[in-house]
Amino acid sequence: IELGYTLPRKWTMKYGSSMTRFFVSGNDLFNITNFKLWDPELDTNTGMKYPTSRSVMFGVDLKF
């Protein structure tokens, strides 16, 4: 999932930027399942593997 917002150009031109965009991105944030013992995406019968890690990234894209 990625959500972002690009500032209007008239705001960014005052600071010498032609485009400014703020964003947040997330990978493997949640699981929808009724199975409660371990993550069903682990591909194991015992749950003896490390789960997939979640990651969240915040950022700013600037173009001059």
# chains A, B, ... in the order shown; residues from 1 in each chain; ligands from 1
$ select_by_dssp --residues "chain A" --states "alpha helix (DSSP H)" --output "list in words"
Arg9, Lys10, Trp11 and Thr12 of chain A
$ residues_around --residues "A:Ser55" --least-positions-apart "2" --cutoff "10 Å" --atoms "only C-alpha atoms" --output "PyMOL selection string"
chain A and resi 25-29+52-53+57
$ closest_residue --among "A:Thr12, A:Asn45, A:Asn31, A:Thr20" --to "A:Asp61" --atoms "only C-alpha atoms"
A:Thr20
$ closest_residue --among "A:Tyr5, A:Phe64, A:Trp38, A:Phe58" --to "A:Arg21" --atoms "only C-alpha atoms"
A:Tyr5
$ atom_distance --atom1 "atom CA of A:Glu2" --atom2 "atom CA of A:Leu42"
24.2 Å
$ closest_residue --among "A:Leu37, A:Val24, A:Met13, A:Ile32" --to "A:Lys63" --atoms "only C-alpha atoms"
A:Met13
$ select_by_dssp --residues "chain A" --states "strand (DSSP E or B)" --output "JSON, numbers by chain"
{"A": [2, 3, 4, 5, 6, 19, 20, 21, 22, 23, 24, 25, 26, 27, 55, 56, 57, 58, 59, 60, 61, 62, 63]}
$ write_last_selection --atoms "N, CA and C atoms" --output "PDB file, in the first residue's frame"
ATOM      1  N   GLU A   2       0.546   2.207  -0.835  1.00  0.00           N
ATOM      2  CA  GLU A   2       1.253   3.481  -0.826  1.00  0.00           C
ATOM      3  C   GLU A   2       0.251   4.610  -0.921  1.00  0.00           C
ATOM      4  N   LEU A   3       0.387   5.568  -0.028  1.00  0.00           N
ATOM      5  CA  LEU A   3      -0.456   6.755  -0.038  1.00  0.00           C
ATOM      6  C   LEU A   3       0.455   7.966  -0.164  1.00  0.00           C
ATOM      7  N   GLY A   4       0.054   8.906  -1.016  1.00  0.00           N
ATOM      8  CA  GLY A   4       0.894  10.085  -1.199  1.00  0.00           C
ATOM      9  C   GLY A   4       0.074  11.315  -1.498  1.00  0.00           C
ATOM     10  N   TYR A   5       0.719  12.454  -1.314  1.00  0.00           N
ATOM     11  CA  TYR A   5       0.082  13.730  -1.621  1.00  0.00           C
ATOM     12  C   TYR A   5       1.111  14.634  -2.280  1.00  0.00           C
ATOM     13  N   THR A   6       0.765  15.167  -3.442  1.00  0.00           N
ATOM     14  CA  THR A   6       1.622  16.101  -4.149  1.00  0.00           C
ATOM     15  C   THR A   6       1.131  17.512  -3.872  1.00  0.00           C
ATOM     16  N   MET A  19       8.281  20.094  -8.118  1.00  0.00           N
ATOM     17  CA  MET A  19       7.318  19.132  -7.599  1.00  0.00           C
ATOM     18  C   MET A  19       7.768  18.649  -6.224  1.00  0.00           C
ATOM     19  N   THR A  20       6.829  18.587  -5.281  1.00  0.00           N
ATOM     20  CA  THR A  20       7.096  18.037  -3.949  1.00  0.00           C
ATOM     21  C   THR A  20       5.962  17.079  -3.604  1.00  0.00           C
ATOM     22  N   ARG A  21       6.338  15.860  -3.230  1.00  0.00           N
ATOM     23  CA  ARG A  21       5.349  14.826  -2.911  1.00  0.00           C
ATOM     24  C   ARG A  21       5.754  14.147  -1.607  1.00  0.00           C
ATOM     25  N   PHE A  22       4.815  14.033  -0.679  1.00  0.00           N
ATOM     26  CA  PHE A  22       4.999  13.305   0.572  1.00  0.00           C
ATOM     27  C   PHE A  22       4.289  11.964   0.440  1.00  0.00           C
ATOM     28  N   PHE A  23       4.901  10.909   0.987  1.00  0.00           N
ATOM     29  CA  PHE A  23       4.258   9.594   0.868  1.00  0.00           C
ATOM     30  C   PHE A  23       4.583   8.710   2.060  1.00  0.00           C
ATOM     31  N   VAL A  24       3.740   7.710   2.241  1.00  0.00           N
ATOM     32  CA  VAL A  24       3.968   6.630   3.197  1.00  0.00           C
ATOM     33  C   VAL A  24       3.659   5.325   2.458  1.00  0.00           C
ATOM     34  N   SER A  25       4.507   4.339   2.643  1.00  0.00           N
ATOM     35  CA  SER A  25       4.362   3.066   1.950  1.00  0.00           C
ATOM     36  C   SER A  25       4.503   1.938   2.965  1.00  0.00           C
ATOM     37  N   GLY A  26       3.698   0.900   2.823  1.00  0.00           N
ATOM     38  CA  GLY A  26       3.764  -0.235   3.738  1.00  0.00           C
ATOM     39  C   GLY A  26       3.685  -1.557   3.001  1.00  0.00           C
ATOM     40  N   ASN A  27       4.454  -2.534   3.469  1.00  0.00           N
ATOM     41  CA  ASN A  27       4.473  -3.887   2.900  1.00  0.00           C
ATOM     42  C   ASN A  27       4.170  -4.910   3.983  1.00  0.00           C
ATOM     43  N   SER A  55       7.059  -3.723   6.943  1.00  0.00           N
ATOM     44  CA  SER A  55       7.896  -2.542   6.753  1.00  0.00           C
ATOM     45  C   SER A  55       7.025  -1.340   6.405  1.00  0.00           C
ATOM     46  N   VAL A  56       7.396  -0.202   6.969  1.00  0.00           N
ATOM     47  CA  VAL A  56       6.723   1.058   6.693  1.00  0.00           C
ATOM     48  C   VAL A  56       7.790   2.078   6.337  1.00  0.00           C
ATOM     49  N   MET A  57       7.547   2.810   5.263  1.00  0.00           N
ATOM     50  CA  MET A  57       8.524   3.785   4.801  1.00  0.00           C
ATOM     51  C   MET A  57       7.826   5.128   4.604  1.00  0.00           C
ATOM     52  N   PHE A  58       8.441   6.187   5.110  1.00  0.00           N
ATOM     53  CA  PHE A  58       7.955   7.536   4.914  1.00  0.00           C
ATOM     54  C   PHE A  58       8.965   8.256   4.023  1.00  0.00           C
ATOM     55  N   GLY A  59       8.473   9.127   3.156  1.00  0.00           N
ATOM     56  CA  GLY A  59       9.425   9.804   2.287  1.00  0.00           C
ATOM     57  C   GLY A  59       8.895  11.078   1.675  1.00  0.00           C
ATOM     58  N   VAL A  60       9.827  11.781   1.042  1.00  0.00           N
ATOM     59  CA  VAL A  60       9.527  13.017   0.320  1.00  0.00           C
ATOM     60  C   VAL A  60      10.245  12.932  -1.018  1.00  0.00           C
ATOM     61  N   ASP A  61       9.520  13.169  -2.113  1.00  0.00           N
ATOM     62  CA  ASP A  61      10.097  13.276  -3.448  1.00  0.00           C
ATOM     63  C   ASP A  61      10.169  14.752  -3.803  1.00  0.00           C
ATOM     64  N   LEU A  62      11.370  15.195  -4.193  1.00  0.00           N
ATOM     65  CA  LEU A  62      11.567  16.585  -4.611  1.00  0.00           C
ATOM     66  C   LEU A  62      12.111  16.601  -6.022  1.00  0.00           C
ATOM     67  N   LYS A  63      11.590  17.463  -6.832  1.00  0.00           N
ATOM     68  CA  LYS A  63      12.144  17.668  -8.181  1.00  0.00           C
ATOM     69  C   LYS A  63      12.469  19.149  -8.335  1.00  0.00           C
TER      70      LYS A  63
END
$ residues_around --residues "A:Pro51" --least-positions-apart "2" --cutoff "10 Å" --atoms "only C-alpha atoms" --output "ChimeraX atom specification"
/A:38-42,47-49,53-54
$ write_last_selection --atoms "N, CA, C and O atoms" --output "PDB file, in the first residue's frame"
ATOM      1  N   TRP A  38      -0.279 -19.375  13.760  1.00  0.00           N
ATOM      2  CA  TRP A  38       0.863 -18.701  13.152  1.00  0.00           C
ATOM      3  C   TRP A  38       0.452 -18.218  11.775  1.00  0.00           C
ATOM      4  O   TRP A  38      -0.626 -18.497  11.289  1.00  0.00           O
ATOM      5  N   ASP A  39       1.321 -17.473  11.162  1.00  0.00           N
ATOM      6  CA  ASP A  39       1.059 -16.884   9.856  1.00  0.00           C
ATOM      7  C   ASP A  39       0.927 -17.984   8.799  1.00  0.00           C
ATOM      8  O   ASP A  39       1.873 -18.742   8.580  1.00  0.00           O
ATOM      9  N   PRO A  40      -0.228 -18.125   8.126  1.00  0.00           N
ATOM     10  CA  PRO A  40      -0.408 -19.191   7.140  1.00  0.00           C
ATOM     11  C   PRO A  40       0.469 -19.032   5.902  1.00  0.00           C
ATOM     12  O   PRO A  40       0.637 -19.964   5.146  1.00  0.00           O
ATOM     13  N   GLU A  41       1.089 -17.874   5.689  1.00  0.00           N
ATOM     14  CA  GLU A  41       1.961 -17.681   4.536  1.00  0.00           C
ATOM     15  C   GLU A  41       3.369 -18.230   4.774  1.00  0.00           C
ATOM     16  O   GLU A  41       4.219 -18.155   3.900  1.00  0.00           O
ATOM     17  N   LEU A  42       3.636 -18.791   5.950  1.00  0.00           N
ATOM     18  CA  LEU A  42       4.960 -19.335   6.249  1.00  0.00           C
ATOM     19  C   LEU A  42       5.256 -20.621   5.485  1.00  0.00           C
ATOM     20  O   LEU A  42       6.399 -21.029   5.399  1.00  0.00           O
ATOM     21  N   GLY A  47       4.857 -24.104  11.995  1.00  0.00           N
ATOM     22  CA  GLY A  47       5.050 -22.702  12.336  1.00  0.00           C
ATOM     23  C   GLY A  47       6.470 -22.387  12.757  1.00  0.00           C
ATOM     24  O   GLY A  47       6.735 -21.355  13.355  1.00  0.00           O
ATOM     25  N   MET A  48       7.422 -23.271  12.439  1.00  0.00           N
ATOM     26  CA  MET A  48       8.807 -23.118  12.874  1.00  0.00           C
ATOM     27  C   MET A  48       9.660 -22.363  11.857  1.00  0.00           C
ATOM     28  O   MET A  48      10.730 -22.802  11.466  1.00  0.00           O
ATOM     29  N   LYS A  49       9.197 -21.232  11.403  1.00  0.00           N
ATOM     30  CA  LYS A  49       9.971 -20.353  10.524  1.00  0.00           C
ATOM     31  C   LYS A  49       9.761 -18.929  11.000  1.00  0.00           C
ATOM     32  O   LYS A  49       8.812 -18.632  11.710  1.00  0.00           O
ATOM     33  N   SER A  53       8.475 -10.021   7.645  1.00  0.00           N
ATOM     34  CA  SER A  53       8.522  -8.775   8.407  1.00  0.00           C
ATOM     35  C   SER A  53       7.695  -7.685   7.740  1.00  0.00           C
ATOM     36  O   SER A  53       7.568  -7.629   6.534  1.00  0.00           O
ATOM     37  N   ARG A  54       7.129  -6.856   8.580  1.00  0.00           N
ATOM     38  CA  ARG A  54       6.381  -5.697   8.107  1.00  0.00           C
ATOM     39  C   ARG A  54       7.360  -4.557   7.911  1.00  0.00           C
ATOM     40  O   ARG A  54       8.345  -4.435   8.629  1.00  0.00           O
TER      41      ARG A  54
END
$ decode --residues "chain A" --atoms "C-alpha atoms" --output "mmCIF file, in the first residue's frame"
data_model
loop_
_atom_site.group_PDB
_atom_site.id
_atom_site.type_symbol
_atom_site.label_atom_id
_atom_site.label_comp_id
_atom_site.auth_asym_id
_atom_site.auth_seq_id
_atom_site.Cartn_x
_atom_site.Cartn_y
_atom_site.Cartn_z
ATOM 1 C CA ILE A 1 0.000 0.000 0.000
ATOM 2 C CA GLU A 2 1.253 3.481 -0.826
ATOM 3 C CA LEU A 3 -0.456 6.755 -0.038
ATOM 4 C CA GLY A 4 0.894 10.085 -1.199
ATOM 5 C CA TYR A 5 0.082 13.730 -1.621
ATOM 6 C CA THR A 6 1.622 16.101 -4.149
ATOM 7 C CA LEU A 7 1.690 19.732 -3.118
ATOM 8 C CA PRO A 8 0.217 22.243 -5.572
ATOM 9 C CA ARG A 9 2.838 23.590 -7.961
ATOM 10 C CA LYS A 10 2.203 27.219 -7.015
ATOM 11 C CA TRP A 11 3.299 26.401 -3.445
ATOM 12 C CA THR A 12 6.462 24.528 -4.427
ATOM 13 C CA MET A 13 7.677 27.050 -7.018
ATOM 14 C CA LYS A 14 8.200 29.589 -4.196
ATOM 15 C CA TYR A 15 10.973 27.344 -2.832
ATOM 16 C CA GLY A 16 12.590 26.459 -6.170
ATOM 17 C CA SER A 17 11.051 22.996 -6.477
ATOM 18 C CA SER A 18 8.992 21.995 -9.517
ATOM 19 C CA MET A 19 7.318 19.132 -7.599
ATOM 20 C CA THR A 20 7.096 18.037 -3.949
ATOM 21 C CA ARG A 21 5.349 14.826 -2.911
ATOM 22 C CA PHE A 22 4.999 13.305 0.572
ATOM 23 C CA PHE A 23 4.258 9.594 0.868
ATOM 24 C CA VAL A 24 3.968 6.630 3.197
ATOM 25 C CA SER A 25 4.362 3.066 1.950
ATOM 26 C CA GLY A 26 3.764 -0.235 3.738
ATOM 27 C CA ASN A 27 4.473 -3.887 2.900
ATOM 28 C CA ASP A 28 3.016 -6.996 4.565
ATOM 29 C CA LEU A 29 1.041 -4.898 7.052
ATOM 30 C CA PHE A 30 -1.656 -7.392 7.986
ATOM 31 C CA ASN A 31 -3.123 -10.829 7.371
ATOM 32 C CA ILE A 32 -6.817 -11.640 6.982
ATOM 33 C CA THR A 33 -7.436 -15.186 8.222
ATOM 34 C CA ASN A 34 -9.297 -17.182 10.869
ATOM 35 C CA PHE A 35 -6.180 -19.291 11.541
ATOM 36 C CA LYS A 36 -4.704 -17.979 14.837
ATOM 37 C CA LEU A 37 -1.676 -20.196 15.613
ATOM 38 C CA TRP A 38 0.863 -18.701 13.152
ATOM 39 C CA ASP A 39 1.059 -16.884 9.856
ATOM 40 C CA PRO A 40 -0.408 -19.191 7.140
ATOM 41 C CA GLU A 41 1.961 -17.681 4.536
ATOM 42 C CA LEU A 42 4.960 -19.335 6.249
ATOM 43 C CA ASP A 43 4.424 -22.525 4.198
ATOM 44 C CA THR A 44 5.072 -24.851 7.139
ATOM 45 C CA ASN A 45 3.047 -27.390 9.151
ATOM 46 C CA THR A 46 4.612 -26.492 12.503
ATOM 47 C CA GLY A 47 5.050 -22.702 12.336
ATOM 48 C CA MET A 48 8.807 -23.118 12.874
ATOM 49 C CA LYS A 49 9.971 -20.353 10.524
ATOM 50 C CA TYR A 50 10.467 -16.638 10.916
ATOM 51 C CA PRO A 51 7.404 -14.634 9.883
ATOM 52 C CA THR A 52 7.463 -12.141 7.051
ATOM 53 C CA SER A 53 8.522 -8.775 8.407
ATOM 54 C CA ARG A 54 6.381 -5.697 8.107
ATOM 55 C CA SER A 55 7.896 -2.542 6.753
ATOM 56 C CA VAL A 56 6.723 1.058 6.693
ATOM 57 C CA MET A 57 8.524 3.785 4.801
ATOM 58 C CA PHE A 58 7.955 7.536 4.914
ATOM 59 C CA GLY A 59 9.425 9.804 2.287
ATOM 60 C CA VAL A 60 9.527 13.017 0.320
ATOM 61 C CA ASP A 61 10.097 13.276 -3.448
ATOM 62 C CA LEU A 62 11.567 16.585 -4.611
ATOM 63 C CA LYS A 63 12.144 17.668 -8.181
ATOM 64 C CA PHE A 64 14.091 20.807 -9.028
#
